[in-house]
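query_34.csv, holding CSV, C-alpha atoms and all ligand atoms:
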```csv
chain,number,residue,atom,x,y,z
A,1,GLU,CA,3.5,-13.3,35.3
A,2,ILE,CA,4.4,-12.6,31.7
A,3,LYS,CA,3.1,-16.1,30.9
A,4,ASN,CA,-0.2,-15.3,32.5
A,5,LEU,CA,-0.5,-12.0,30.5
A,6,GLU,CA,0.4,-13.9,27.4
A,7,GLU,CA,-2.3,-16.4,27.9
A,8,ILE,CA,-4.9,-13.6,28.5
A,9,PHE,CA,-3.6,-11.9,25.3
A,10,GLU,CA,-3.9,-15.2,23.3
A,11,ALA,CA,-7.4,-15.8,24.6
A,12,ARG,CA,-8.4,-12.3,23.5
A,13,ILE,CA,-7.1,-12.9,20.0
A,14,ALA,CA,-8.9,-16.2,19.9
A,15,ARG,CA,-12.1,-14.4,20.8
A,16,ASP,CA,-11.5,-11.8,18.0
A,17,GLU,CA,-11.3,-9.0,20.5
A,18,LYS,CA,-9.4,-5.9,19.4
A,19,ILE,CA,-6.1,-5.2,21.1
A,20,GLU,CA,-5.8,-1.5,22.1
A,21,PRO,CA,-2.6,0.6,22.5
A,22,LYS,CA,-2.6,0.5,26.3
A,23,ASP,CA,-3.3,-3.2,26.6
A,24,TRP,CA,-0.5,-5.6,27.3
A,25,MET,CA,0.9,-7.2,24.2
A,26,PRO,CA,3.9,-9.3,23.4
A,27,GLU,CA,6.9,-7.3,22.4
A,28,LYS,CA,7.1,-9.1,19.1
A,29,TYR,CA,3.4,-8.3,18.3
A,30,ARG,CA,4.2,-4.6,18.9
A,31,LYS,CA,7.4,-4.7,16.8
A,32,THR,CA,5.8,-6.5,13.8
A,33,HIS,CA,2.9,-4.0,13.9
A,34,ILE,CA,5.3,-1.1,13.9
A,35,ARG,CA,7.0,-2.7,10.9
A,36,GLN,CA,3.9,-3.4,8.9
A,37,ILE,CA,2.0,-0.2,9.7
A,38,SER,CA,4.9,2.1,9.2
A,39,GLN,CA,5.8,0.4,5.9
A,40,HIS,CA,2.1,0.8,4.9
A,41,ALA,CA,2.2,4.5,5.8
A,42,HIS,CA,5.4,5.1,3.9
A,43,SER,CA,3.8,3.4,0.9
A,44,GLU,CA,0.9,5.8,0.9
A,45,ILE,CA,3.3,8.8,1.1
A,46,VAL,CA,5.7,7.6,-1.6
A,47,GLY,CA,2.7,6.4,-3.6
A,48,MET,CA,1.7,10.1,-4.1
A,49,LEU,CA,4.7,10.6,-6.4
A,50,PRO,CA,4.0,8.6,-9.5
A,51,GLU,CA,0.6,10.2,-9.8
A,52,GLY,CA,1.6,13.6,-8.6
A,53,ASN,CA,3.7,13.6,-11.8
A,54,TRP,CA,0.6,13.9,-13.9
A,55,ILE,CA,-1.5,16.4,-12.0
A,56,THR,CA,-0.3,19.4,-14.1
A,57,ARG,CA,-0.7,17.4,-17.3
A,58,ALA,CA,-4.2,15.8,-16.8
A,59,PRO,CA,-6.2,16.1,-20.1
A,60,SER,CA,-9.2,18.0,-18.6
A,61,LEU,CA,-10.2,19.9,-15.6
A,62,ARG,CA,-12.5,17.0,-14.5
A,63,ARG,CA,-9.6,14.6,-14.7
A,64,LYS,CA,-7.3,17.0,-12.9
A,65,ALA,CA,-9.8,17.5,-10.0
A,66,ALA,CA,-10.2,13.8,-9.5
A,67,LEU,CA,-6.5,13.0,-9.6
A,68,LEU,CA,-5.7,15.8,-7.2
A,69,ALA,CA,-8.4,14.5,-4.8
A,70,LYS,CA,-7.0,11.0,-5.0
A,71,VAL,CA,-3.4,12.1,-4.3
A,72,GLN,CA,-4.6,14.2,-1.3
A,73,ASP,CA,-6.5,11.1,0.0
A,74,GLU,CA,-3.2,9.2,-0.1
A,75,ALA,CA,-1.6,11.9,2.0
A,76,GLY,CA,-4.5,11.5,4.4
A,77,HIS,CA,-4.0,7.7,4.5
A,78,GLY,CA,-0.4,8.1,5.3
A,79,LEU,CA,-1.2,10.4,8.2
A,80,TYR,CA,-3.8,8.1,9.7
A,81,LEU,CA,-1.4,5.3,9.5
A,82,TYR,CA,1.5,7.2,11.1
A,83,SER,CA,-0.9,8.2,13.9
A,84,ALA,CA,-2.0,4.5,14.4
A,85,CYS,CA,1.7,3.5,14.5
A,86,GLU,CA,2.6,6.2,17.0
A,87,THR,CA,0.2,4.6,19.5
A,88,LEU,CA,2.6,1.7,19.6
A,89,GLY,CA,5.4,3.9,21.0
A,90,ILE,CA,7.4,5.0,18.0
A,91,SER,CA,7.7,8.7,17.1
A,92,ARG,CA,6.9,10.1,13.7
A,93,GLU,CA,10.4,11.5,13.5
A,94,GLU,CA,11.8,8.0,14.0
A,95,MET,CA,9.6,6.7,11.2
A,96,TYR,CA,10.6,9.5,8.8
A,97,GLU,CA,14.2,8.9,9.7
A,98,GLN,CA,13.8,5.2,8.9
A,99,LEU,CA,12.3,6.1,5.5
A,100,HIS,CA,14.8,8.8,4.6
A,101,SER,CA,17.8,6.7,5.5
A,102,GLY,CA,16.6,3.8,3.4
A,103,LYS,CA,16.1,1.5,6.4
A,104,ALA,CA,12.4,1.2,6.1
A,105,LYS,CA,10.7,-0.5,3.2
A,106,TYR,CA,7.7,0.8,1.2
A,107,SER,CA,5.7,-1.0,-1.5
A,108,SER,CA,7.8,-2.1,-4.5
A,109,ILE,CA,5.1,-0.9,-6.9
A,110,PHE,CA,5.9,2.8,-6.4
A,111,ASN,CA,9.4,2.4,-7.8
A,112,TYR,CA,8.1,2.1,-11.4
A,113,PRO,CA,7.8,5.2,-13.6
A,114,SER,CA,4.4,6.7,-14.8
A,115,VAL,CA,5.3,7.5,-18.4
A,116,THR,CA,1.9,8.2,-20.1
A,117,TRP,CA,-1.6,9.4,-19.1
A,118,ALA,CA,-2.8,5.8,-19.5
A,119,ASP,CA,-0.6,5.0,-16.4
A,120,MET,CA,-3.1,7.0,-14.3
A,121,GLY,CA,-5.8,4.6,-15.5
A,122,ALA,CA,-3.7,1.5,-14.9
A,123,ILE,CA,-2.5,2.6,-11.5
A,124,GLY,CA,-6.0,3.3,-10.3
A,125,TRP,CA,-7.4,0.1,-11.8
A,126,LEU,CA,-4.6,-2.3,-10.9
A,127,VAL,CA,-2.6,-0.8,-8.0
A,128,ASP,CA,-5.6,0.6,-6.1
A,129,GLY,CA,-7.5,-2.6,-7.0
A,130,ALA,CA,-4.7,-4.7,-5.4
A,131,ALA,CA,-4.6,-2.3,-2.4
A,132,ILE,CA,-8.3,-2.8,-1.8
A,133,ILE,CA,-8.0,-6.6,-1.9
A,134,ASN,CA,-5.1,-6.5,0.5
A,135,GLN,CA,-6.7,-3.9,2.8
A,136,VAL,CA,-10.3,-5.1,3.1
A,137,PRO,CA,-9.2,-8.1,5.3
A,138,LEU,CA,-7.2,-5.6,7.4
A,139,CYS,CA,-10.4,-3.9,8.5
A,140,ASN,CA,-10.7,-7.0,10.6
A,141,THR,CA,-7.1,-7.0,11.9
A,142,SER,CA,-6.6,-7.6,15.6
A,143,PHE,CA,-5.0,-4.2,16.5
A,144,GLY,CA,-7.8,-1.7,17.0
A,145,PRO,CA,-6.3,1.6,15.6
A,146,TYR,CA,-5.0,-0.2,12.4
A,147,ALA,CA,-8.4,-1.9,11.8
A,148,ARG,CA,-10.3,1.4,12.3
A,149,ALA,CA,-8.0,3.3,10.0
A,150,MET,CA,-8.5,0.7,7.3
A,151,VAL,CA,-12.3,1.1,7.2
A,152,ARG,CA,-12.1,4.7,5.9
A,153,VAL,CA,-9.0,4.0,3.8
A,154,CYS,CA,-10.9,1.2,1.9
A,155,LYS,CA,-13.9,3.4,1.2
A,156,GLU,CA,-11.6,5.9,-0.4
A,157,GLU,CA,-9.6,3.3,-2.3
A,158,SER,CA,-12.7,2.1,-3.9
A,159,PHE,CA,-13.3,5.6,-5.4
A,160,HIS,CA,-9.6,5.5,-6.6
A,161,GLN,CA,-10.1,2.2,-8.3
A,162,ARG,CA,-13.2,3.3,-10.1
A,163,GLN,CA,-11.6,6.6,-11.3
A,164,GLY,CA,-8.7,4.5,-12.7
A,165,TYR,CA,-11.0,2.0,-14.4
A,166,GLU,CA,-13.0,4.8,-15.9
A,167,ILE,CA,-9.9,6.3,-17.4
A,168,MET,CA,-9.1,2.9,-19.0
A,169,LEU,CA,-12.6,2.5,-20.3
A,170,THR,CA,-12.5,5.9,-21.9
A,171,LEU,CA,-9.2,5.2,-23.6
A,172,CYS,CA,-10.4,1.8,-24.7
A,173,ASN,CA,-13.5,3.4,-26.3
A,174,GLY,CA,-11.3,6.0,-28.0
A,175,THR,CA,-9.0,6.0,-31.0
A,176,ASP,CA,-6.7,3.0,-31.9
A,177,GLU,CA,-3.8,5.0,-30.5
A,178,GLN,CA,-5.6,5.6,-27.2
A,179,LYS,CA,-6.4,1.9,-26.9
A,180,GLU,CA,-2.8,1.0,-27.6
A,181,MET,CA,-1.7,3.4,-24.8
A,182,ALA,CA,-4.1,1.5,-22.4
A,183,GLN,CA,-2.7,-1.9,-23.5
A,184,ASP,CA,0.8,-0.6,-23.1
A,185,ALA,CA,0.1,0.6,-19.5
A,186,LEU,CA,-1.5,-2.7,-18.7
A,187,ASN,CA,1.6,-4.5,-20.0
A,188,ARG,CA,3.9,-2.5,-17.8
A,189,TRP,CA,1.8,-2.5,-14.6
A,190,TRP,CA,0.4,-6.0,-14.6
A,191,TRP,CA,3.4,-8.0,-13.2
A,192,PRO,CA,4.5,-5.3,-10.7
A,193,SER,CA,0.9,-5.3,-9.4
A,194,LEU,CA,1.0,-9.0,-8.7
A,195,MET,CA,4.3,-8.5,-6.8
A,196,MET,CA,2.6,-6.0,-4.5
A,197,PHE,CA,1.1,-8.9,-2.5
A,198,GLY,CA,4.6,-9.9,-1.5
A,199,PRO,CA,6.6,-13.2,-1.9
A,200,THR,CA,4.8,-16.6,-2.2
A,201,ASP,CA,3.6,-18.0,1.1
A,202,ASP,CA,6.5,-20.5,1.4
A,203,GLU,CA,9.0,-17.6,1.0
A,204,SER,CA,7.2,-15.2,3.3
A,205,THR,CA,9.0,-14.7,6.6
A,206,HIS,CA,6.1,-13.1,8.5
A,207,THR,CA,2.9,-14.7,7.2
A,208,GLU,CA,2.7,-17.6,9.6
A,209,GLN,CA,3.0,-15.6,12.8
A,210,SER,CA,1.0,-12.7,11.5
A,211,MET,CA,-1.9,-15.1,10.6
A,212,LYS,CA,-1.8,-16.5,14.2
A,213,TRP,CA,-2.0,-13.0,15.6
A,214,LYS,CA,-4.8,-12.1,13.2
A,215,LEU,CA,-2.7,-9.2,11.9
A,216,LYS,CA,-3.0,-10.8,8.5
A,217,ARG,CA,-6.4,-12.5,7.8
A,218,LYS,CA,-5.4,-13.9,4.4
A,219,THR,CA,-2.0,-15.0,3.0
A,220,ASN,CA,-0.1,-13.3,0.2
A,221,ASP,CA,-0.9,-16.1,-2.3
A,222,GLU,CA,-4.6,-16.1,-1.4
A,223,LEU,CA,-4.9,-12.4,-1.9
A,224,ARG,CA,-2.9,-12.5,-5.2
A,225,GLN,CA,-5.2,-15.2,-6.6
A,226,GLN,CA,-8.3,-13.2,-5.5
A,227,PHE,CA,-6.9,-10.1,-7.3
A,228,ILE,CA,-6.3,-12.1,-10.5
A,229,ASP,CA,-9.7,-13.8,-10.5
A,230,GLN,CA,-11.3,-10.4,-10.0
A,231,THR,CA,-9.2,-8.5,-12.6
A,232,VAL,CA,-9.1,-10.8,-15.6
A,233,PRO,CA,-12.8,-10.4,-16.4
A,234,GLN,CA,-12.4,-6.6,-16.0
A,235,ALA,CA,-9.7,-6.7,-18.7
A,236,ASP,CA,-12.1,-8.6,-20.9
A,237,ILE,CA,-14.7,-5.9,-20.6
A,238,LEU,CA,-12.0,-3.3,-21.7
A,239,GLY,CA,-11.0,-5.5,-24.6
A,240,LEU,CA,-7.4,-5.7,-23.3
A,241,THR,CA,-5.1,-8.6,-23.1
A,242,ILE,CA,-3.4,-9.6,-19.8
A,243,PRO,CA,0.4,-9.9,-20.7
A,244,ASP,CA,0.6,-13.5,-19.5
A,245,PRO,CA,0.5,-16.3,-22.1
A,246,ASP,CA,-0.1,-18.9,-19.3
A,247,MET,CA,-3.1,-17.1,-17.9
A,248,LYS,CA,-6.0,-19.6,-18.2
A,249,PHE,CA,-9.2,-20.3,-16.4
A,250,ASN,CA,-9.0,-23.6,-14.6
A,251,GLU,CA,-12.4,-25.3,-14.6
A,252,GLU,CA,-11.4,-27.7,-11.8
A,253,THR,CA,-10.2,-25.1,-9.3
A,254,GLY,CA,-12.5,-22.3,-10.4
A,255,HIS,CA,-9.5,-19.9,-10.4
A,256,TYR,CA,-7.2,-18.5,-13.1
A,257,ASP,CA,-3.8,-20.3,-13.5
A,258,PHE,CA,-1.0,-17.8,-14.2
A,259,GLY,CA,2.6,-17.7,-15.3
A,260,GLU,CA,5.8,-17.4,-13.2
A,261,ILE,CA,6.4,-14.1,-11.5
A,262,ASP,CA,9.9,-12.7,-11.9
A,263,TRP,CA,11.0,-12.8,-8.3
A,264,ASP,CA,14.5,-11.6,-9.1
A,265,GLU,CA,13.0,-8.4,-10.3
A,266,PHE,CA,10.9,-8.2,-7.2
A,267,TRP,CA,13.8,-8.5,-4.8
A,268,GLN,CA,15.9,-6.1,-6.8
A,269,VAL,CA,13.2,-3.5,-6.5
A,270,VAL,CA,12.7,-4.2,-2.8
A,271,LYS,CA,16.5,-3.9,-2.2
A,272,GLY,CA,16.6,-0.4,-3.8
A,273,HIS,CA,17.6,-1.2,-7.4
A,274,GLY,CA,14.2,-0.6,-9.1
A,275,PRO,CA,13.8,1.9,-12.0
A,276,CYS,CA,12.8,4.8,-9.7
A,277,ASN,CA,14.0,4.0,-6.1
A,278,LYS,CA,16.6,6.7,-6.1
A,279,GLU,CA,14.3,9.3,-7.6
A,280,ARG,CA,11.5,8.5,-5.1
A,281,MET,CA,13.8,8.7,-2.1
A,282,LYS,CA,15.4,11.9,-3.3
A,283,ALA,CA,11.9,13.5,-3.7
A,284,ARG,CA,11.0,12.6,-0.1
A,285,VAL,CA,14.3,13.7,1.4
A,286,ASP,CA,14.2,17.0,-0.5
A,287,ALA,CA,10.6,17.6,0.6
A,288,TRP,CA,11.7,17.0,4.2
A,289,GLU,CA,14.7,19.3,4.0
A,290,GLU,CA,12.9,22.0,2.1
A,291,GLY,CA,10.1,22.0,4.6
A,292,GLU,CA,12.4,22.6,7.6
A,293,TRP,CA,11.7,26.3,7.7
A,294,VAL,CA,7.9,25.6,7.8
A,295,ARG,CA,8.3,23.2,10.7
A,296,ASP,CA,10.6,25.7,12.5
A,297,ALA,CA,8.1,28.5,12.0
A,298,ALA,CA,5.2,26.4,13.2
A,299,MET,CA,7.2,25.5,16.4
A,300,ALA,CA,8.2,29.1,17.0
A,301,HIS,CA,4.6,30.2,16.6
A,302,ALA,CA,3.3,27.5,19.0
A,303,GLU,CA,5.9,28.4,21.6
A,304,LYS,CA,5.1,32.1,21.4
A,305,LYS,CA,1.4,31.3,21.8
A,306,ALA,CA,2.0,29.1,24.8
A,307,LYS,CA,4.2,31.8,26.5
A,308,ARG,CA,1.4,34.4,25.9
A,309,LYS,CA,-1.1,32.1,27.7
A,310,VAL,CA,1.2,31.8,30.7
A,311,ALA,CA,1.8,35.5,30.9
B,401,LIG,N1,7.2,-4.2,-1.5
B,401,LIG,C1,8.2,-4.1,-0.7
B,401,LIG,N2,8.5,-5.0,0.3
B,401,LIG,C2,7.7,-6.1,0.4
B,401,LIG,C3,6.6,-6.3,-0.5
B,401,LIG,C4,6.4,-5.3,-1.5
B,401,LIG,N3,5.4,-5.4,-2.3
B,401,LIG,N4,6.0,-7.4,-0.1
B,401,LIG,C5,6.7,-7.9,0.9
B,401,LIG,N5,7.8,-7.1,1.2
B,401,LIG,C6,8.8,-7.3,2.2
B,401,LIG,C7,8.2,-7.4,3.6
B,401,LIG,O1,8.0,-6.1,4.1
B,401,LIG,C8,9.2,-8.2,4.4
B,401,LIG,O2,10.4,-7.4,4.7
B,401,LIG,P1,10.7,-7.0,6.2
B,401,LIG,O3,10.9,-8.2,7.0
B,401,LIG,O4,12.0,-6.2,6.1
B,401,LIG,O5,9.6,-6.1,6.7
B,401,LIG,C9,9.7,-9.2,3.3
B,401,LIG,O6,9.4,-8.6,2.0
B,401,LIG,C10,9.0,-10.6,3.4
B,401,LIG,O7,7.6,-10.5,3.1
B,401,LIG,P2,6.4,-11.0,4.1
B,401,LIG,O8,7.0,-11.9,5.1
B,401,LIG,O9,5.4,-11.6,3.2
B,401,LIG,O10,5.9,-9.6,4.8
B,401,LIG,P3,4.5,-9.2,5.4
B,401,LIG,O11,4.0,-10.4,6.2
B,401,LIG,O12,4.7,-7.9,6.0
B,401,LIG,O13,3.6,-9.1,4.1
B,401,LIG,C11,2.5,-7.3,2.9
B,401,LIG,C12,3.8,-8.1,3.1
B,401,LIG,C13,1.4,-8.3,2.3
B,401,LIG,C14,2.7,-6.2,1.9
B,401,LIG,C15,2.0,-6.9,4.3
B,401,LIG,O14,3.0,-6.1,4.9
B,401,LIG,C16,0.7,-6.0,4.2
B,401,LIG,O15,-0.4,-6.4,4.0
B,401,LIG,N6,0.9,-4.6,4.4
B,401,LIG,C17,-0.2,-3.7,4.5
B,401,LIG,C18,-0.6,-3.2,3.1
B,401,LIG,C19,0.5,-2.3,2.5
B,401,LIG,O16,1.5,-2.0,3.0
B,401,LIG,N7,0.2,-1.9,1.3
B,401,LIG,C20,1.1,-1.0,0.6
B,401,LIG,C21,0.8,-0.9,-0.8
B,401,LIG,S1,-0.9,-0.4,-1.1
B,401,LIG,C22,-0.9,1.3,-1.1
B,401,LIG,O17,-0.2,1.9,-0.4
B,401,LIG,C23,-1.9,2.0,-2.0
```

Please lay out the structure from this file as structure tokens.
Amino acid sequence: EIKNLEEIFEARIARDEKIEPKDWMPEKYRKTHIRQISQHAHSEIVGMLPEGNWITRAPSLRRKAALLAKVQDEAGHGLYLYSACETLGISREEMYEQLHSGKAKYSSIFNYPSVTWADMGAIGWLVDGAAIINQVPLCNTSFGPYARAMVRVCKEESFHQRQGYEIMLTLCNGTDEQKEMAQDALNRWWWPSLMMFGPTDDESTHTEQSMKWKLKRKTNDELRQQFIDQTVPQADILGLTIPDPDMKFNEETGHYDFGEIDWDEFWQVVKGHGPCNKERMKARVDAWEEGEWVRDAAMAHAEKKAKRKVA
């Protein structure tokens, strides 16, 4: 019977039908979605930290309001994604536990420090730019709740990308010192942004199966190349230099060739040894522990209300 169900499932995927939470799905399809969607949710939540660091130090009220809105959006994205993931039969507590115990991964990019205001520009421009390229294809992913969440997330990401680029543009039109800050931020965020797309296709454990299931619609290398092709001309407009001496437009392929990514650094960061991994995890665990009384109070209040209704 399972064979029959599996055939029906495969046929639905082939027809580009959405799979919904109550539909039959192979156990591995469910598991790999829990893995990717929960990692994605954790990335949004941990991703609030590098920028949260600058809210109190934004250079103007306008910048502060935009940054605050952006960080709030990220919290919202995390919550949609946790909800989408819960429909697959995992509880939010379990996901939090996986994050807090270090069992779950989240994007490598958020383990780098945000040391100057220009980093707010570079993160919006590059990190959110990379996120959009990675997430637009996911609006078409086969699992319904994930695909629908991505539609709204992508719209908000595009505001984030523009606010970052506008910070860069302002700095690049400013004093020499401001332009240098922008270049320095680009130098530090460029390579880690390329790593966001994950290992090369031949090193990627999940790509082949995820492409078959239409969880992924493009491979890690395809998305990385698309990001580079889109971003290099934007750096030209800013008058900034991409920190890669091998970066060169290839007339034959119509794409930019680029230098070797430091994969040792990538795996070190993924395994927990990046510049800020410990700090990021501590911030999340502390927030969870310090929030315990709020959760307890909310539960006590809900129980009291429920009892009152019965009485
Ligand atoms: N940071 C941390 N871990 C990574 C990264 C990264 N940048 N890229 C890949 N990995 C991990 C994978 O999670 C996988 O580990 P696992 O088996 O323990 O889960 C391993 O490296 C091998 O990689 P792949 O086989 O290529 O994994 P996958 O098919 O899941 O592709 C990708 C990785 C592209 C990140 C995919 O999961 C994805 O598209 N996720 C949704 C988008 C997302 O999470 N974005 C987060 C950053 S954007 C933002 O939050 C603003």

Residue neighbourhood segment 206-217 of chain A, 9 Å, only C-alpha atoms, exclusion window fewer than 6 positions, as number ranges by chain: A: 10, 13-14, 16, 29, 32-33, 137-138, 140-143

Å distance separating atom CA of Ile261 of chain A from atom CA of Leu126 of chain A, one decimal place: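 Interatomic distance here is 16.1 Å.
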
Nearest candidate to Val127 of chain A (options A:Val285, A:Met195, A:Leu61, A:Ala311; using all atoms listed in the file):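 Of the candidates, the smallest distance to Val127 of chain A is held by A:Met195.
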
Contact residues around Glu157 of chain A with all atoms listed in the file at 9 Å, ignoring same-chain residues under 2 positions, as a list of chain:residue names: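 Using all atoms listed in the file, the neighbours found are A:Lys70, A:Asp73, A:Glu74, A:Gly124, A:Asp128, A:Gly129, A:Ala131, A:Ile132, A:Arg152, A:Val153, A:Cys154, A:Lys155, A:Phe159, A:His160, A:Gln161, A:Arg162.
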
Selected residue of minimal separation from Leu169 of chain A among A:Asn220, A:Gln226, A:Asn187, A:Gln234, counting all atoms listed in the file: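 Comparing A:Asn220, A:Gln226, A:Asn187, A:Gln234 against Leu169 of chain A, the winner is A:Gln234.
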
Of the listed residues A:Arg188, A:Arg62, A:Arg284, A:Arg35, that which approaches ligand LIG 401 (chain B) most closely, counting all atoms listed in the file: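 Selected residue with least distance to ligand LIG 401 (chain B): A:Arg35.
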
Residue with smallest distance to ligand LIG 401 (chain B) - pool A:Met281, A:Ile109, A:Val294, A:Met95, counting all atoms listed in the file: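 Result for the nearest residue to ligand LIG 401 (chain B): A:Ile109.
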